[in-house]
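Some notes on the structure that comes next.
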Number of protein chains: 2
Amino acid sequence: MAVIAPAKLDTYRALGRQLRADSIRSSTAAGSGHPTSSLSAADLMAVLLAGHLRYDFGKPDDPPNDHLIFSKGHASPLVYSLFRAAGAISDEELLTFRRLGSRLEGHPTPILPWVDVATGSLGQGFPIAVGVAWAGRRVLRAPYHVWALLGDSETAEGSVWEAFDRAGHERLANVTAIVDVNRLGQRGPTELQWDTDAYAQRIEAFGWDALVIDGHDLEEIDDAFERARDAERPTAIVARTIKGKGVSFLEDREGWHGKALKPDEAEKALDELGREPSRAFEVTRPDPWTPSRLERSAPKMPSYTDAIATRKAYGEALAALGDARGDIVVLDAEVSNSTHSEDFKKAHADRFFEMYIAEQQMVAAAVGMQVVHLVPFASTFAAFFTRAYDFIRMAAVSRANIRLAGSHAGVSIGEDGPSQMALEDLAMLRAVHGSTVLYPCDGTQTAKLVAAMADREGIVYMRTTREKTPVVYTPGDEFPIGGSKVVRGGGADDAVTVVAAGITLHEAIKAADELNAAGTKIRLIDAYTVKPIDRATLVAAVKATGLRIVVVEDHWVEGGIGDAVLAALAEEGIGPLRYRHLAVRAMPGSGKPAELLDAAGISARHIVSAVGDLIKPT
Amino acid sequence: MAVIAPAKLDTYRALGRQLRADSIRSSTAAGSGHPTSSLSAADLMAVLLAGHLRYDFGKPDDPPNDHLIFSKGHASPLVYSLFRAAGAISDEELLTFRRLGSRLEGHPTPILPWVDVATGSLGQGFPIAVGVAWAGRRVLRAPYHVWALLGDSETAEGSVWEAFDRAGHERLANVTAIVDVNRLGQRGPTELQWDTDAYAQRIEAFGWDALVIDGHDLEEIDDAFERARDAERPTAIVARTIKGKGVSFLEDREGWHGKALKPDEAEKALDELGREPSRAFEVTRPDPWTPSRLERSAPKMPSYTDAIATRKAYGEALAALGDARGDIVVLDAEVSNSTHSEDFKKAHADRFFEMYIAEQQMVAAAVGMQVVHLVPFASTFAAFFTRAYDFIRMAAVSRANIRLAGSHAGVSIGEDGPSQMALEDLAMLRAVHGSTVLYPCDGTQTAKLVAAMADREGIVYMRTTREKTPVVYTPGDEFPIGGSKVVRGGGADDAVTVVAAGITLHEAIKAADELNAAGTKIRLIDAYTVKPIDRATLVAAVKATGLRIVVVEDHWVEGGIGDAVLAALAEEGIGPLRYRHLAVRAMPGSGKPAELLDAAGISARHIVSAVGDLIKPT
């Protein structure tokens with residue numbers, strides 16, 4: 001172990017003390033928060049900030065900056081105390097912690113420029129850190145190092161092991177996991193308590209090096225960080241720490257999780273810690289580095305004159321997008337031959353990320369990659385995005401820009417049965433703040449929407465279909481997000497509005513043509529944007545068709561296109577509707593796609609019947 | 001290694017051959033399916049069925065029966081071939097695989113009496129198996145053993161490590177993980193390929209014993225199963241296998257995942273395998289065993305005359321329910337002091353299961369426990385059920401009866417900020433087949449609904465609130481599931497219908513009283529059942545109030561109470577509504593609960609204003 005200069009040690013010691021004091025001061029001012037979880041990691045973070053982090057707090061977007069992600073987001077008092085110590089925020093702002101309107105929220109979010117992503121749902125920051133590291137290593141060839149601080153409790157989350165697995169296998173030596181083993185979780189001891197060897201054994205089994213240290217020994221910490229940055233494999237620092245360390249009546253005590261000290265308790269604690277005023281510490285800036293400019297020209301998107309599955313068109317469109325833009329990266333959870341993201345892989349293997357069957361890590365890595373301004377598209381079966389819903393939800397809190405594509409939606413997948421059928425994905429993705437939900441019906445539309453996804457902010461989801469579907473549109477058609485298309489009818493004599501999208505649009509076209517032959521015109525709307533739904537077109541159609549409307553979708557009854565349409569119409573005061581909702585109401589089984597569409601009551605025959613029902617004289 | 005009698009070996013060999021032939025025959029008849037994934041595990045399953053499983057196929061519900069769960073559910077041809085070999089299904093039925101109406105779906109589901117749970121979303125069957133084992137060990141003291149067959153690909157799922165962790169720590173020696181390491185995933189090699197030592201190292205680090213074997217050596221397999229059943233710690237059998245084993249042109253070949261052989265290919269394969277007709281094999285029945293009768297008397301549920309948080313009432317109600325019923329089990333993801341399931345733990349520690357922060361494993365264990373007819377309640381912060389959405393979705397496919405309670409819903413949690421706020425849980429749980437969604441507003445209502453949850457089938461969700469809320473109801477009030485309550489108004493002079501639930505009901509009561517004082521009566525409906533929503537009461541109210549309606553909820557705009565109400569009214573043809581939807585539209589931050597309710601536009605003040613808006617003469 002290298003000897004540290006006494007002055008350096010003094011700096012570490014002083015900063016550790018200050019971080020503790022400021023964590024207590026800010027949380028006591030707020031009347032809530034997690035001071036004891038901050039105190040356990042204060043020495044670790046003091047040594048990191050003053051000795052190892054390379055970061056320009058004046059230029060948080062500087063590409064060579066290291067990344068520090070608090071996977072244990074509840075230690076936010078420590079995060080903000082670090083920013084205070086770096087001179088990034090004032091003492092006054094520090095004391096606004098958790099107040100309405102303050103940037104210093106209960107858990108960190110990127111409304112602060114020094115925070116990459118929102119954390120607070122445990123087991124997410126670390127997987128995201130792996131994504132940041134991977135992007136730096138493979139795409140950007142950036143010099144930055146990624147430091148993730150984990151709590152011991154959160155290692156119970158499987159997602160943490162997905163992250164250890166991926167980073168270990170890829171030998172991402174530019175990420176370091178700092179595990180704060182303070183023995184106490186929210187309601188009592190953790191499963192492994194202070195068995196740091198058990199942590200190390202697990203982590204090493206996943207392809208990492210593990211350094212077990214005393215998390216309050218400044219020299220051991222310093223040495224570990226140095227070794228971690230220089231290592232050839234990813235390194236985890238398993239730090240035995242004491243929750244509440246530094247304050248006698250908090251140390252290793254149960255019942256103190258997530259509790260601020262009362263003012264008199266805080267005074268006692270500050271007496272123990274010493275009352276030096278908080279000050280700014282020097283943080284080393286990174287060496288200057290400018291990333292290569294990634295190519296960005298106008299993509300030439302494919303269009304189609306033959307039937308093609310929208311999942312296949314998705315893959316081909318991605319490949320075309322990747323030809324034009326070097327910032328596009330694609331992730332897939334071991335089903336790239338089904339989602340067809342393999343078309344991108346074949347063209348741009350260096351920007352394709354195989355995540356194996358780890359959907360949580362896939363979404364987390366996508367979030368991490370957009371932190372460094374890449375444009376990630378992540379794909380799996382639509383049903384399996386349910387596995388990552390917490391990550392998608394949190395991505396919205398992170399104000400992340402990610403694109404998700406779910407294939408094999410609905411009963412129309414056929415024989416594989418309900419475990420593989422997404423029937424809740426539209427509901428799930430609609431209920432994400434600021435999300436966009438797209439559902440194309442043919443190849444040309446898919447390709448144009450894929451191009452639009454690249455520049456759309458927020459969580460953008462595309463639902464694709466397993467089966468081949470016929471061509472509906474011509475290459476000249478445009479599909480602005482937020483729009484819809486009237487594909488049949490549109491005149492004054494339309495009797496009923498029918499709203500469909502994706503696979504059901506084709507059933508509705510069959511129904512429209514059959515009805516037309518029998519003398520009934522319908523106005524068929526292709527709701528390719530499920531969110532935000534095209535309110536104006538819906539309102540006009542429903543008014544023009546005597547308030548008669550059929551919505552048909554390959555999705556459960558709840559939360560999908562039907563609910564979206566009704567909300568739009570209700571907010572416009574349109575009614576009373578004569579409404580029929582054709583959606584999946586019984587648990588499907590296996591069968592051929594056409595059989596299952598029919599059994600679910602969402603085939604052309606059922607649309608014809610619903611329309612007939614609505615125009616029957618009463 | 002014990003020597004096996006030659007006759008036994010012959011049986012194993014014959015059964016292995018038959019399972020392979022039947023897996024090919026059934027999938028070729030279907031024209032789809034996963035024969036090669038079945039062939040790799042055929043020897044493992046032959047030895048298990050003919051040598052180690054204790055199961056009465058004539059009495060699938062017999063309590064001492066072992067449990068066999070295919071976590072790799074795509075190997076369904078092998079599952080059904082086992083059932084054929086056990087004489088449980090006919091050869092004729094075997095050949096209905098994947099046809100519409102057949103019980104033999106693409107992935108196994110419990111519409112077959114010998115299948116405990118639906119699998120097919122990888123990484124779920126094994127965590128569920130841990131739940132079955134844990135219930136057997138701790139609650140039922142049952143003699144059964146639980147065997148889970150895993151694919152190698154699915155070990156990439158973090159949920160698998162949550163399961164290894166929990167079972168390892170609890171030393172659940174009555175569960176065996178059989179890992180079929182066939183090296184090839186869907187689109188190519190797995191991450192670890194045939195590095196069986198890496199698997200073993202990981203598994204051992206999580207507290208299991210691991211036996212590395214050749215998965216086609218019948219003696220090694222036989223020995224491993226014997227040791228696994230007799231072990232004092234849980235045992236994993238890491239079996240090196242060959243995908244497509246037994247058919248020369250399938251063995252270890254890429255490009256054969258999830259593909260049925262064409263008829264001519266199947267003929268060639270059957271020629272290689274030999275053409276003996278399929279027959280029934282002897283399966284050892286378990287020793288007779290009758291479980292102790294669990295107490296089941298009528299519970300005495302608490303009622304409340306003072307303000308209490310519904311999460312606290314939930315905990316107290318659970319404890320009371322547990323007093324009366326021995327079949328109630330409670331699981332919590334390390335937040336029992338927040339969800340208040342700790343009240344149950346204090347009273348019935350033997351039936352409380354600490355899952356640490358592993359929400360996927362928690363839901364999986366609950367599903368496993370209901371397999372053996374226990375009545376599980378699982379709780380965490382409502383936001384964190386998003387982590388387990390895939391498990392909840394699959395629980396519905398499993399026709400499981402589980403009860404979930406999510407606390408800390410909505411912006412009203414206050415300072416902790418958006419990472420801890422459930423704002424999508426109603427949307428997520430509504431979009432689950434056959435689900436029930438409850439959202440009580442006071443202690444007495446909570447307690448009665450908890451009692452009702454115990455006997456409700458399907459996925460039953462309760463949303464609870466962090467903050468204390470005043471008493472609304474008297475002990476004599478009843479709250480049938482599917483009902484609602486009119487808590488203000490109800491006369492002919494009500495001007496506007498207001499629908500609220502949980503925390504917003506209290507805001508609406510304040511608004512009602514304020515409006516009433518100013519001469520405006522509203523009809524306030526407590527929609528404590530969000531699904532199925534009380535359509536009749538809504539229709540009557542809206543008709544009585546000039547079609548004016550305000551819905552106010554602490555949830556994103558999409559998929560919650562608003563959407564549920566609009567769907568009910570639209571299907572009844574009610575309109576045109578004068579509709580105002582007060583819901584969360586902007587990303588919240590931190591603040592005091594009242595501040596955040598107000599900032600989100602869902603406080604009493606905003607309700608008053610929305611009502612005023614609707615009654616304004618136009």
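Here, A, B, ... name the chains of the structure tokens in the order displayed, residue numbers run from 1 inside each chain, and ligands are numbered from 1 in the same displayed order.
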
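Running DSSP on the backbone and keeping only strand (DSSP E), the residues of stretch 165-333 of chain A that qualify are A:Val175, A:Thr176, A:Ala177, A:Ile178, A:Val179, A:Asp180, A:Val181, A:Asp209, A:Ala210, A:Leu211, A:Val212, A:Ile213, A:Asp214, A:Thr235, A:Ala236, A:Ile237, A:Val238, A:Ala239, A:Arg240, A:Ile308, A:Ala309, A:Ile328, A:Val329, A:Val330, A:Leu331, A:Asp332.
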
Shell of 6 Å around stretch 562-571 of chain A, only C-alpha atoms, local chain residues under 2 positions omitted, as an mmCIF file with C-alpha atoms, in the first residue's frame:
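Saved file out-v1.cif follows:
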```cif
data_model
loop_
_atom_site.group_PDB
_atom_site.id
_atom_site.type_symbol
_atom_site.label_atom_id
_atom_site.label_comp_id
_atom_site.auth_asym_id
_atom_site.auth_seq_id
_atom_site.Cartn_x
_atom_site.Cartn_y
_atom_site.Cartn_z
ATOM 1 C CA ARG A 535 -57.662 13.977 -30.666
ATOM 2 C CA VAL A 551 -62.271 0.459 -30.989
ATOM 3 C CA GLY A 559 -55.398 0.873 -20.374
ATOM 4 C CA GLY A 560 -54.870 0.542 -24.123
ATOM 5 C CA GLY A 573 -67.195 16.680 -24.220
ATOM 6 C CA ILE A 574 -68.178 14.346 -27.044
ATOM 7 C CA ASP B 563 -59.960 5.647 -17.458
#
```

* **Backbone DSSP call of alpha helix (DSSP H) for stretch 193-417 of chain A, listed as a ChimeraX atom specification** => /A:196-205,218-230,263-273,310-324,336-339,342-347,359-371,389-397

Can you write out the residues you just picked, keeping C-alpha atoms, as a compact mmCIF listing (two decimals), in the first residue's frame?
```
# COMPACT_ATOMS: atom_id res chain seq x y z
CA THR A 196 -17.72 -9.12 3.52
CA ASP A 197 -16.08 -12.33 2.34
CA ALA A 198 -19.45 -13.63 1.18
CA TYR A 199 -19.94 -10.46 -0.85
CA ALA A 200 -16.45 -10.78 -2.31
CA GLN A 201 -16.95 -14.43 -3.20
CA ARG A 202 -20.19 -13.67 -5.05
CA ILE A 203 -18.75 -10.71 -6.89
CA GLU A 204 -15.62 -12.59 -7.92
CA ALA A 205 -17.75 -15.45 -9.21
CA LEU A 218 -8.62 6.36 4.76
CA GLU A 219 -5.39 4.76 3.60
CA GLU A 220 -7.08 1.50 2.68
CA ILE A 221 -9.76 3.40 0.81
CA ASP A 222 -7.23 5.49 -1.05
CA ASP A 223 -5.26 2.45 -2.06
CA ALA A 224 -8.37 0.61 -3.22
CA PHE A 225 -9.50 3.48 -5.46
CA GLU A 226 -6.08 3.71 -7.01
CA ARG A 227 -6.01 0.01 -7.75
CA ALA A 228 -9.57 0.09 -9.05
CA ARG A 229 -8.86 2.80 -11.58
CA ASP A 230 -5.76 1.04 -12.83
CA PRO A 263 -32.56 19.69 16.24
CA ASP A 264 -31.23 18.96 19.73
CA GLU A 265 -29.85 15.60 18.60
CA ALA A 266 -28.24 17.29 15.63
CA GLU A 267 -26.58 19.79 17.95
CA LYS A 268 -25.13 16.94 19.99
CA ALA A 269 -23.93 15.22 16.84
CA LEU A 270 -22.31 18.40 15.52
CA ASP A 271 -20.60 18.89 18.89
CA GLU A 272 -19.07 15.46 18.50
CA LEU A 273 -18.06 16.05 14.91
CA THR A 310 -43.33 -4.75 -38.70
CA ARG A 311 -40.69 -6.34 -36.47
CA LYS A 312 -38.64 -7.08 -39.58
CA ALA A 313 -39.16 -3.56 -40.90
CA TYR A 314 -38.04 -2.30 -37.48
CA GLY A 315 -34.74 -4.14 -37.83
CA GLU A 316 -34.13 -2.94 -41.36
CA ALA A 317 -35.04 0.61 -40.43
CA LEU A 318 -32.63 0.52 -37.50
CA ALA A 319 -29.85 -0.64 -39.78
CA ALA A 320 -30.58 2.21 -42.17
CA LEU A 321 -30.65 4.69 -39.31
CA GLY A 322 -27.34 3.32 -38.13
CA ASP A 323 -25.83 3.89 -41.57
CA ALA A 324 -26.53 7.58 -41.31
CA SER A 336 -32.35 -10.19 -31.85
CA ASN A 337 -33.33 -12.83 -34.39
CA SER A 338 -36.95 -12.39 -33.30
CA THR A 339 -37.08 -8.63 -32.79
CA GLU A 342 -29.98 -8.39 -35.68
CA ASP A 343 -30.26 -6.44 -38.92
CA PHE A 344 -28.56 -3.57 -37.12
CA LYS A 345 -26.02 -5.93 -35.60
CA LYS A 346 -25.06 -7.25 -39.00
CA ALA A 347 -24.43 -3.72 -40.27
CA GLU A 359 -34.21 -7.02 -19.55
CA GLN A 360 -33.59 -4.90 -16.46
CA GLN A 361 -29.92 -4.52 -17.31
CA MET A 362 -30.86 -3.81 -20.91
CA VAL A 363 -33.06 -0.84 -20.05
CA ALA A 364 -30.54 0.33 -17.44
CA ALA A 365 -27.71 0.19 -19.97
CA ALA A 366 -29.82 2.16 -22.44
CA VAL A 367 -30.36 4.82 -19.78
CA GLY A 368 -26.63 4.84 -19.10
CA MET A 369 -25.77 5.23 -22.76
CA GLN A 370 -28.03 8.23 -23.23
CA VAL A 371 -26.28 9.88 -20.28
CA TYR A 389 -41.11 -1.63 -15.73
CA ASP A 390 -39.45 -0.18 -12.65
CA PHE A 391 -36.47 0.78 -14.82
CA ILE A 392 -38.72 2.40 -17.41
CA ARG A 393 -40.61 4.29 -14.71
CA MET A 394 -37.35 5.52 -13.22
CA ALA A 395 -35.98 6.41 -16.66
CA ALA A 396 -38.79 8.94 -16.86
CA VAL A 397 -37.75 10.39 -13.50
```

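Neighbouring residues of B:Val498 at 8 Å or closer, counting only C-alpha atoms and skipping chain neighbours under 4 positions away, are Ala508, Ile522, Arg523, Leu524, Ile525, Ile549, Val550, Val551 and Val552 of chain B.
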
Residue subset to file, keeping C-alpha atoms, as a PDB file, in the first residue's frame:
```pdb
ATOM      1  CA  ALA B 508     -63.002  15.690  -2.069  1.00  0.00           C
ATOM      2  CA  ILE B 522     -71.982  17.364  -5.033  1.00  0.00           C
ATOM      3  CA  ARG B 523     -72.465  13.636  -5.124  1.00  0.00           C
ATOM      4  CA  LEU B 524     -69.177  12.248  -3.899  1.00  0.00           C
ATOM      5  CA  ILE B 525     -68.456   8.631  -4.745  1.00  0.00           C
ATOM      6  CA  ILE B 549     -68.350  14.582 -13.437  1.00  0.00           C
ATOM      7  CA  VAL B 550     -64.982  15.208 -11.848  1.00  0.00           C
ATOM      8  CA  VAL B 551     -62.542  12.352 -11.254  1.00  0.00           C
ATOM      9  CA  VAL B 552     -59.685  13.090  -8.905  1.00  0.00           C
TER      10      VAL B 552
END
```

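Residues with any atom within 6 Å of stretch 114-127 of chain A, counting only C-alpha atoms and excluding same-chain neighbours fewer than 4 positions away, are Pro60, Ser71, Gly73, His74, His107, Pro108, Thr109, Pro110, Ala148, Glu154, Glu157, Ser159, Val160, Ala163, Gln361, Ala364 and Ser398 of chain A; Ser419 of chain B.
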